[in-house]
Structure formats: structure tokens, C-alpha cells
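Below is one structure, written out as C-alpha cells; the observations come after it.
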Amino acid sequence: MADESKGGFFSDLFAPVAGFGVTFSTMFRKVATQEYPEVKWPTQPRFHGRHQLNRHPDGLEKCVGCELCAWACPADAIMVEGESNDDEAGLRFSPGERYGRIYQINYLRCIFCGLCIEACPTRALTMTNEYELADNNRADLIFTKEQLLAPVQQGMLPAPHPMVEGMEERDYYQGKVTQATPEQQAWVEHHHADHADGPARNEDDVEARS
Amino acid sequence: MTVTSDKSSGEAPEVEMVALTIDGLEVSVPKDTLVIRAAEQLGIQIPRFCDHPGLDPVGACRQCLVEVAMPDREGNVKPMPKPQASCTMTVAPGMEVKTQLTSAVADKAQQGVMELLLVNHPLDCPVCDKGGECPLQNQAMSNGRASSRFEDVKRTYPKPINISSQVLLDRERCILCARCTRFSDQVAGDPFIALVERGALQQVGIYEEQPFESYFSGNTVQICPVGALTGAAYRFRSRPFDLVSTASVCEHCASGCSLRVDHRRGKVMRRMALATPEVNEEWNCDKGRWAFTYPMLDDRFELPMVRRDGELVPVSWQEALAVAADGLRATRSAVLVGGRVGREDAYAYGKLARLALGTNDVDFRARPHSAEEERYLAEHVVGSTPETGGVTYADLDTATTVVLVGFEPEEESPIVFLRLRKAYRKAATKVFSIAPLETRGLDKLGGTLLPSAPGTETEVLQALAGDGTSEHMGSDAFAAARTALRDPGAIVLVGERLATVPGALAAAADLARSASGRVAWVPRRAGERGALDAGTLPSLLPGGRLVADQADRSEIAELWQAETELPTTPGRDTAAILESASIGEIGGLVVGGVDVDDIGHADGHEALRRAFVVSLDLRESTVTPFADVVLPVAPHDESEGSFLDWEGRPRPYRAALDTTAMADHRVLSMLADELGVFLGTRSLREVRAEMDALAPRAPQGGRTDDAGDPPSPVSVPSPGPGEMVLATWRTLLDRGTMQDGEPFLAGTAKAPRAVMSPVSAETLSIVPGDLVTVSGGGVRVTVPVHIQPMVDHVVWLPTNSESCDLRALAGQAGAVVTVTKGGAA
Amino acid sequence: MGLEEKLPAGIALTTLENVVGYMRKASIWPATFGLACCAIEMMAVGTPYYDLARFGMERFAATPRQADLMIVAGRVSQKMAPVVRQVYDQMANPKWVISMGVCASSGGMFNNYAIVQGVDHIIPVDIYLPGCPPRPEMLLNAIIELHEQIQSSKLGVNREAAARAAEQAALRATPTEQMAPTHDHESLVGRNLLA
């Protein structure tokens with residue numbers, strides 16, 4: 001072409017390999033690739049991951065088994081059944097009258113939309129940022145209450161145990177309960193002595209009762 | 001149903017109509033209509049809590065406030081100074097009503113009332129069983145303020161408290177609408193709950209010494225507009241929004257209540273009454289509401305079983321049917337059906353007997369019965385429906401006089417009881433009961449007792465119908481009854497217990513005829529009336545066709561496309577079948593849903609032990625230990641079909657649960673296939689098509705050839721010293737197997753007691769509260785005694801209550817028992 | 001005792017199964033089977049940011065005959081079902097399937113007549129991956145899970161025995177609908193997922 005300029009000597013020399021220049025210069029750039037799984041980058045805090053059933057500061061469950069999450073779920077992934085707390089039988093899992101006896105989320109239905117979180121009246125159900133959920137069978141992806149329950153943290157005692165002495169249900173929601181009391185501690189030690197693997201296994205007793 | 005409504009509109013006098021304006025729309029309604037109902041006719045929903053169409057207006061909640069303007073004497077429409085409660089105000093000509101839709105005043109008033117109602121209402125909707133179907137919740141959304149201005153501490157109560165074993169009360173949720181107390185007081189007649197205290201502390205309370213033991217307490221749970229009353233059995237079991245509802249019909253008695261069966265994930269969670277104005281209005285009894293757990297128990301049959309080496313072992317259907325067919329083919333067989341089965345199933349049992357087993361030995365009466373009863377049923381009851389002039393619930397509402405014979409409505413047909421109570425309250429119906437004692441049920445009907453010892457009912461009926469020269473005529477009650485029976489339109493309700501009293505059924509029919517009234521037979525079990533019309537009786541073919549009539553027989557044979565002639569000889573009834581089986585004359589028995597102890601026949605066990613028994617049942621029963629083949633069938637909630645209620649009105653039901661369990665008619669069809677006969681009852685549609693092909697036949701008296709032996713003169717047994725005549729009937733809640741698995745319901749069953757008169761008690765020197773031992777006929781029970789005025793030398797006990805099983809004696813009217821003071825040593 | 005002691009230094013013994021598993025897992029080629037939204041995330045896994053090639057999955061094979069792994073990404077409609085099966089049949093053995101996202105795994109929120117309620121109704125699935133759609137890390141996690149599975153897979157008679165054992169175990173297993181409403185998953189119990 002008329003306006004095709006004749007390049008210099010060097011441009012002619014490197015013309016055939018000019019394309020490698022991009023490659024070459026990239027070699028000195030910072031690597032963009034995320035080194036998953038060795039380096040796990042944190043997700044955004046609002047990321048919708050696996051659910052968690054929270055506890056009150058003394059370890060009682062916040063879930064009241066109201067099933068509103070199950071109602072809100074567009075994918076029908078949640079199954080809840082309520083039951084009465086029974087102080088006499090030593091089966092108090094939450095403050096108030098009712099607790100969630102059965103709580104299951106089917107992670108092969110759940111679309112992580114978070115409507116259940118919005119529906120929860122007690123802030124019992126929240127979402128974590130955990131996302132490594134792949135498994136090799138369908139049954140194990142139905143998560144049950146034990147898996148979903150938040151771990152027992154400092155100052156908490158695993159349910160079942162009585163409410164804090166002198167406190168009502170509403171006091172739990174008003175933040176008046178800050179940690180498990182020595183009375184609760186004593187109760188748990190007395191009642192769960194023969195449950196080596198923790199009182200959460202009392203689920204079986206509940207099953208047998210119903 | 002159409003016929004009844006036609007009749008009522010044809011007979012009803014011209015109603016005066018009142019024209020008024022609601023929200024600018026003109027409407028004309030009958031005089032005395034409440035404003036709130038007039039608005040409903042226009043499709044205007046005024047919020048309300050205390051208002052209920054089945055209860056008297058009270059104006060307790062004030063939620064239905066509307067602005068009303070009325071014309072004064074000069075005709076000027078003047079507004080009333082304050083909003084008015086539309087649920088207590090009747091319409092007036094020219095009235096102008098403005099609801100919340102057009103009036104800011106009414107809207108503000110309603111929001112204010114709602115705010116006040118919510119002041120002390122805990123917002124615990126998430127844990128409340130009513131949440132999701134709660135009128136307060138819904139109306140707070142539609143007619144309340146979006147946010148609360150209340151900042152104080154709410155009044156709280158410890159909760160919940162049991163007001164009976166099956167009803168729980170959360171007092172803080174109560175908005176004091178008084179629906180429950182009004183229901184108990186007005187409809188059920190059990191005013192065991194009331195509003196106590198005053199002001200903010202007003203609450204529903206029970207009497208200390210008397211728990212809320214009403215057979216109708218479940219209705220208060222259903223009509224409670226908030227979650228203040230909840231059922232113990234349903235507590236926290238489920239939420240309304242994940243229940244699947246099916247319209248159904250109750251299987252517990254012949255009242256035929258419409259029910260809503262709510263299930264979730266293959267399990268029935270609760271049942272509620274469904275409004276059917278012709279039958280149960282909006283109510284049902286606690287048994288119908290709560291006794292639904294029996295098919296969920298562990299002893300439910302899942303697989304067919306055959307007996308091998310004395311043990312029942314599960315086998316395949318093919319094998320079980322083959323064994324059953326071989327056993328039945330080898331011998332003469334008969335069919336026994338219980339009152340549990342639906343009409344279509346009963347039809348299949350009858351057809352199996354006639355076509356496949358070639359016998360008329362089939363009977364649905366798994367209870368004390370008699371040949372006389374069979375004749376009575378064939379002549380007066382079969383084919384009687386609302387269309388053919390049978391007695392209906394609506395007739396009870398308007399009857400002038402009702403005579404109850406061998407029938408205790410509250411215990412044996414609770415909705416009949418509610419209707420009679422309504423008739424007593426609204427139409428001043430006079431109720432007379434021919435019974436040995438005045439029960440609380442009769443008391444609630446304002447009824448009069450015509451005292452008669454068991455077995456003497458015939459005599460009393462004849463005396464009532466007779467010329468007034470009888471010895472009974474001395475008493476005031478008899479005089480009143482005779483006076484009342486002079487008005488036409490009397491209704492005689494006879495119970496199934498009358499079967500065992502010689503001549504009583506005929507005497508009841510005679511009485512009705514002489515008083516130009518009508519008679520209705522009210523069985524106890526739901527399936528009996530349907531089984532009767534389906535021809536599950538030795539002398540009856542389906543549709544009231546007679547075995548003894550050649551034309552009838554060939555009509556049925558043609559319908560069934562029978563290859564051979566139908567058996568001609570009338571068969572044996574239940575008692576005769578058992579007798580024949582116990583001596584080996586009948587070798588095979590097909591038994592469906594029968595509790596052999598209910599029959600009260602001495603040969604029952606021996607007959608089952610000796611015969612080859614094919615048992616169609618859903619759970620382990622008294623027949624199972626004798627069964628050679630067990631074929632599992634579907635329970636009520638898992639099958640489709642229909643009952644006939646005592647009126648003869650078809651009450652179809654659908655399967656609430658979709659399971660693999662097969663209905664009786666289908667199992668029988670397979671059994672017949674195995675026997676080489678095509679029964680044609682595989683699907684419900686086939687059965688119904690066949691049944692519908694038979695032209696309905698109204699009852700025709702005197703069709704049967706012989707009128708039977710004239711009723712033998714009533715021989716009232718004369719009890720010797722230390723002996724008494726036994727009067728007994730079942731209480732609504734007893735040891736019946738269809739109430740198994742429901743401890744909350746069983747908690748309100750009446751405790752068994754022996755009732756006797758002061759004179760009887762004195763002869764045994766018994767004081768109230770003593771224990772007495774009643775024995776006779778191999779039965780011996782010890783119960784506390786209750787003394788009240790009743791027929792002397794008669795002792796009443798429940799037939800089948802806890803630790804009081806007198807079923808062996810119930811078949812014998814006027815059985816004599818020995819009564820001794822003190823417990824059985 | 002045995003051979004190990006006589007070997008010169010620098011030589012290690014292993015089983016053939018281990019070696020084959022190691023080779024196989026490091027050179028899986030996925031077939032492209034994007035059916036819906038999940039496919040977008042699956043594509044993202046191929047970008048330099050996530051770089052699927054790090055796992056030896058150099059390219060997405062457009063021909064099933066040259067693919068070892070089918071990533072079913074998205075809801076499988078009833079009409080698509082035969083195609084899925086055909087593509088799977090055309091893949092050469094050994095082959096694996098990841099069911100990516102809840103729609104492929106169980107139908108997800110599309111519980112209706114149009115959608116196959118889980119692709120395992122049509123083809124055997126090795127790894128189920130929840131999420132709607134799963135983020136690329138979740139797919140990578142699923143692939144790593146699959147690698148572990150491949151690494152430990154058996155060969156020859158061992159494979160047959162393992163298959164038989166798996167079948168017996170499956171026959172003995174409690175059906176899902178009869179499982180107790182609460183059961184243990186040891187791996188996740190009590191882990192603080194917020195920390």
C-alpha cells in the first residue's frame with residue numbers, strides 16, 4: 001500500500017516474534033490466578049453460604065421451630081417440626097414454649113436466596129460464608145440440626161438445659177442474658193454426665209418420645 | 001339436598017324484606033338480619049371476632065364498628081352519634097350504613113379497637129398454632145395500624161394451662177370475644193367455661209371441681225379467633241401453611257359430619273369440622289375431631305399374611321389370595337362385615353357372598369341384633385332418604401315432639417344431639433326419652449324421661465300409642481308425652497340397641513303411625529346405614545331388593561351379569577353364622593372390620609377358632625389371633641368411598657392420603673378373581689356405576705312375606721335379692737379401637753360408674769362413692785357408684801369403657817346381674 | 001522385610017492403582033455441558049483468574065469422545081435428558097460426572113414436570129455440587145473432591161469387588177425418606193464456620 005511505511009531494521013527483525021512480546025512482558029506481571037485451594041480468598045461478608053442456627057449467649061437455641069423459613073423457601077428445601085420445651089423432662093432447647101425438634105436443609109434444593117434468613121423472626125437462622133459443600137451422594141447433602149447448629153462458644157452450654165434463673169423469654173431477646181450461669185453449668189454437669197459425647201445427642205430421646 | 005331446600009322454600013311463609021343502604025349500595029334482606037350479614041351479602045367484609053353465625057350475637061369485641069344513620073319519625077336520615085357494632089344491630093328500613101370502606105370514622109374506630117385488642121396480645125405468632133390462619137392476624141393486617149404505639153409491659157400469664165386434657169388455654173392471647181363460652185353454653189349445653197374476673201384481668205376460666213369435659217370442646221378450639229384455645233394433640237405439630245387439606249366425612253358415627261382432614265408429609269395432623277348446613281352445620285364432636293391416630297399405630301398391617309405353623313407370616317399378595325381362595329373354595333363360607341366399611345365396600349362384601357361364595361350368609365351387624373330388627377330394617381329403613389321422605393336433620397329442627405327410644409343421642413350420635421338441642425332452644429321442641437334414667441344429655445335437651453326398665457320399652461311404646469288405659473298413665477311425664485304426641489309431626493328416633501327388645505321396633509313404628517309422625521333409625525356406626533342399602537344383610541340385596549322376591553333377584557342377577565342364579569334361600573344373620581361356624585356347619589368366614597367381642601355372642605371365639613378365617617383389617621384386632629389369612633386394607637383416610645348417614649344421605653369422602661393401601665372393594669375383587677369369579681368391584685367407579693343403576697326404592701312396609709312371629713309378650717325379668725337389671729350403652733369416648741393412640745382424647749372420656757336409684761342403693765346399703773362389683777354372664781367389673789333418681793332395681797353401666805367391658809351382656813335386653821358392695825376381692 | 005528393603009535409595013514403591021489414579025486425576029478433560037446459568041460460572045472457571053488448567057484440565061472438549069468428565073451445569077429439561085444420556089454414552093471410559101448446581105442435582109427450585117428431578121435419574125453422578133449457581137471456587141472444590149475419588153479408585157478385580165460392595169451397601173442403606181430426621185455428619189459437626 002501507498003502509505004505502508006517501511007519499518008526500521010529492528011522492527012523488521014522482531015516482526016515475526018513481536019507477538020511474543022505480550023507473553024514475555026506478562027511473565028513479569030503479578031499473577032492474577034487465584035491459588036484456590038491453597039489460598040482461599042475471603043468472600044464478601046454478605047456472601048450467601050451455608051446456613052447456621054444460632055444460639056443465645058447461654059447456649060440455648062434461638063430457633064423456635066416456627067417454620068416460617070420453610071414457608072418462605074421458594075425451593076422447598078427446608079423442613080422444620082416444632083415441639084414443646086419440657087422443663088420437667090429436662091428437655092429445654094430454647095427459651096419460651098417451642099423449639100425446633102427437626103431442622104433439615106436440603107442443600108441440593110437450596111438456592112441460597114436468603115429468604116429464610118429474612119423470614120426468621122428470632123434471628124436464629126443466618127448464613128455463613130462457608131461454600132465448600134460438594135459431596136458424592138444426595139443423602140449427605142441434607143443437613144440436619146446438629147450440623148447446622150452454631151458451635152458452642154465461650155460462655156455457652158449446649159442445650160438442653162434450663163433458662164437462666166429469673167429470666168423470661170423476652171429477656172433473652174432484650175440482651176439481658178450474656179452467658180450461662182453457674183446454676184446452668186451445674187445442671188448440665190449433673191444431667192449430661194452419662195452422655196459422653198455431649199448433650200446434643202438428646203435428640204434421640206426426643207425422637208423416642210414423639 | 002335439593003329436595004329439602006325446595007320443600008323449605010315452598011313451605012316457608014313470605015318473609016318480610018327490609019331495604020337499606022350499605023356503603024351507598026342498596027340491599028334488601030329479610031327482617032331481623034344483622035347489619036354485618038347484610039353487608040356480607042354485598043360482599044362487604046366487616047372485621048369481626050365475636051360474631052359467629054352459629055351463636056347468639058353478643059357484641060363483645062367491638063371490632064365490627066360501623067357508622068349508621070337511621071331515618072327518624074319524619075323520615076330524615078340522622079346519623080347516630082357514635083359508631084355502632086354491626087354484629088348486634090338488626091337492619092331497619094332506610095338505614096344507611098357506612099363501613100370502613102367509605103367512612104373514615106368507622107375505619108378509625110376499627111383501628112382503635114384493634115389497637116386496644118393488641119395491647120395485651122402477645123405477638124408470639126411464630127410459635128402460636130393459630131399463626132397463619134388467625135382472624136386476629138389477618139384483620140390486624142387489613143384493619144389495624146401498621147405500627148404499635150404501646151410501649152408498656154404487656155400483661156402476661158403463665159401459659160398454657162390445660163382446661164381439659166385436650167384443650168389448652170393461653171390466657172394472654174385471649175381477646176375476650178366469648179365465642180368459646182357462648183358455644184359451650186348455647187350449642188353444646190356444657191357451660192363448664194366462663195369469663196371470670198373483670199377488666200384487664202378478665203379471662204376464660206373453668207370451675208375448680210368440674211373440668212371442661214364436653215364432647216364438643218374441640219369446636220371451641222376451631223372457632224377461637226385467636227390462638228387462645230389450642231388442641232393438645234396438635235400443639236406445635238405443624239403450621240397451617242404446610243398442611244394439605246382434603247374434604248372428608250367422619251367415620252366414627254352415623255351422624256355423617258363433614259370434616260377437613262389436614263395432612264402433611266403423609267401423616268394426618270388434624271381434622272376440623274367443615275360447614276355443611278344440612279348435616280353438621282359447623283360443628284363436630286371431639287371423637288370425630290381427634291380420633292384419627294388409630295391407623296398410624298405400630299400394629300397396622302402392611303403386608304398380607306398367612307398362618308403357617310400357628311404363626312402369621314408376611315407373604316405376597318398372590319400367595320395370600322391363593323391361600324384364601326383355596327380355603328374358601330373348600331367349604332361353605334359366610335361373610336361378616338363391620339360397621340367400619342363404606343357403602344361401596346359393603347356392596348362388594350355382599351356381592352362377594354352372593355356371586356363368589358354362593359350364599360346369602362352375610363351380615364353387617366357386628367353388634368347385638370335380632371331377626372326382628374332385620375325385618376324392620378328391610379321394611380322401614382332401607383331406601384329411606386331425604387328424597388323419599390325420610391326424617392332429616394332439618395326435620396329435627398322444626399319437630400314439635402321427638403321421642404327417643406333405645407337411643408342416647410349425646411353418646412351415640414352427637415350431631416343429632418346438637419340438632420335436638422338447637423330445636424329445643426329455638427323451636428321449643430319437646431323431647432321425651434324412653435330410658436331407665438335421666439342422663440345429662442337428656443337434661444341438656446330439656447327432655448322428659450319416660451322411665452322404663454330395659455326390656456320394657458315395647459310396653460311403654462304401646463302404652464303411648466294406646467288408648468290411655470295403661471298402668472303407666474298415672475305419671476305426669478306420660479300425660480305430657482301423650483299430649484305432645486297429639487300434635488302431628490312427631491318424630492320417633494330409635495337406636496340400634498332396640499334390636500334386642502322384642503317388639504320394640506314395631507311398637508315404635510306403630511307409635512309414629514298413630515301420632516301421624518315419622519320414625520327414624522339411628523345406628524351408631526358410620527357404615528351401617530350404607531351397608532343396609534348396599535344389601536349386606538341375609539334377606540336383602542342391594543337397593544332394598546329382597547332375596548325372597550324372584551323379580552328382585554333376577555334384576556340383581558342381570559345387573560351383576562351372574563352366570564348362575566343367585567342363592568335363593570335367605571341367609572343366616574351374624575349370630576346364626578357364628579353358631580353354625582362354631583359347630584362346623586360353616587367352614588369359612590370372610591371377616592371385614594369386625595371386633596368379635598362387640599357382637600357379644602357366646603360362640604364368637606369358638607366360631608373363629610374353628611372356621612377358616614380370612615380377615616380384612618387394617619390393624620391387629622380380636623379376629624387376628626384366629627385369622628388364617630390376613631389381607632390389609634386401607635383405613636378411612638387412605639380410601640375413597642361414601643357413607644350413608646342416619647338420614648340416608650350419601651356422604652362421599654375422598655382419600656386424604658395417597659398410599660398403596662387398597663380399599664376393601666378392591667381386595668375383594670382380587671379375592672373373587674382368585675375364586676374364578678369376576679366381581680367387577682376393582683374401582684370405585686365400577687361399584688358406583690352399578691349401585692346407581694338400581695332405581696332407588698322408598699321403604700315399603702309389609703313387603704316381607706310373613707310379619708314374623710307376633711312379638712312375644714314382654715317378660716321383664718324379676719331380679720332376685722342382690723340382683724339388678726342391667727341397662728347399658730356405650731359412651732362416646734370409650735375403649736373403641738378407632739380411638740386408639742390418642743391419649744389426650746381418652747383423658748376426657750367419662751370415668752365408668754354404676755348408676756342406680758336411691759332405693760336400689762338402699763337395699764344394698766350403698767352410699768355414693770362406694771365401689772360396687774357387677775357380675776353376670778362371665779363378666780365381673782368393679783366401679784364406683786353414682787346414685788340418682790331412676791328406675792328402681794336397674795343398674796346402668798357403660799358398655800365398653802376402661803375396666804368396664806360389658807359387651808358380653810349388652811346383647812341381652814334386661815340381663816340380670818348380681819350387684820355386690822365393695823371391690824372384687 | 002520384602003522388596004522395599006532391597007531397593008536402592010530414591011526408588012519408592014506404590015500400587016498400580018495409585019499410579020493410575022494419580023495419572024488419571026491429573027489429566028481430566030471436561031466435556032462442555034452447559035445447560036443454563038451454571039454454565040457461566042463453569043466458563044469462569046476456565047478463565048485465568050481461576051485457571052482450570054492448573055488441575056490438568058487443559059481444555060473443555062467439545063467432542064464427548066475426547067472428554068473424561070461431564071460437568072452437567074444447569075437444569076436438565078425432559079427434552080434435554082436423552083441428549084445428556086447420549087453424550088454420556090459417547091464418552092470413553094473411564095468417565096466421571098459432576099452435577100453442578102442444585103437444578104442438575106435435584107431439580108432445585110424447579111420442582112415441576114418440565115425438569116428432570118436430578119440428573120442422576122439419567123446418568124451416574126460422582127459429585128453433587130450445591131449452589132445456585134455455585135461460585136467458581138465451589139466447582140474447583142468439587143473437582144478436587146473428584147480427584148480424591150479418582151485417586152482412590154480401584155482397578156480390575158478390586159474394582160469389581162468395590163462395585164459389588166457399593167451395591168450391597170446401597171441395598172442395605174436406609175432409604176432417604178426413612179432416615180431419622182437427625183443424623184450425624186461427623187465432618188461438619190461443631191465446626192465454627194463464622195471464625
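By order in the C-alpha cells, chains are A, B, ...; within a chain, residues start at 1; ligands start at 1, following the order shown.
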Q: Identify, on the basis of only C-alpha atoms, every residue whose closest approach to Gln52 of chain A does not exceed 9 Å; exclude the query and any residue fewer than 5 positions from it along the same chain; express the result as a PyMOL selection string.
A: (chain A and resi 124-128+147-150) or (chain C and resi 193-194)
Q. Could you pull out all residues of segment 377-442 of chain B with a DSSP call of helix (DSSP H, G or I) and give them as number ranges by chain?
A. B: 377-381, 393-398, 409-412, 414-427, 440-442
Q: Would you please extract all strand (DSSP E) residues from segment 5-186 of chain C, as assigned by DSSP on the backbone, and give them as number ranges by chain?
A: C: 30-31, 69-73, 96-100, 127-129
With a distance cut-off of 7 Å and only C-alpha atoms, select the neighbouring residues of Asp740 of chain B, excluding the residue or stretch itself and same-chain residues fewer than 3 positions from it, and output the selection as a PDB file with N, CA, C and O atoms, in the first residue's frame.
```
ATOM      1  N   THR B 293     -55.777 -41.152  64.999  1.00  0.00           N
ATOM      2  CA  THR B 293     -54.424 -41.683  65.082  1.00  0.00           C
ATOM      3  C   THR B 293     -54.381 -43.203  64.941  1.00  0.00           C
ATOM      4  O   THR B 293     -53.317 -43.761  64.795  1.00  0.00           O
ATOM      5  N   TYR B 294     -55.545 -43.853  64.984  1.00  0.00           N
ATOM      6  CA  TYR B 294     -55.515 -45.321  65.025  1.00  0.00           C
ATOM      7  C   TYR B 294     -54.822 -45.977  63.830  1.00  0.00           C
ATOM      8  O   TYR B 294     -54.181 -46.998  64.009  1.00  0.00           O
ATOM      9  N   THR B 737     -61.657 -49.347  69.313  1.00  0.00           N
ATOM     10  CA  THR B 737     -60.302 -49.409  68.738  1.00  0.00           C
ATOM     11  C   THR B 737     -60.031 -48.221  67.822  1.00  0.00           C
ATOM     12  O   THR B 737     -58.889 -47.938  67.520  1.00  0.00           O
TER      13      THR B 737
END
```
Q: For chain B, report every residue with an atom at most 7 Å from chain A (counting only C-alpha atoms), formatted as a list in words.
A: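 That gives the following set of residues: Pro126, Val127, Phe236, Arg237 and Ser238 of chain B.
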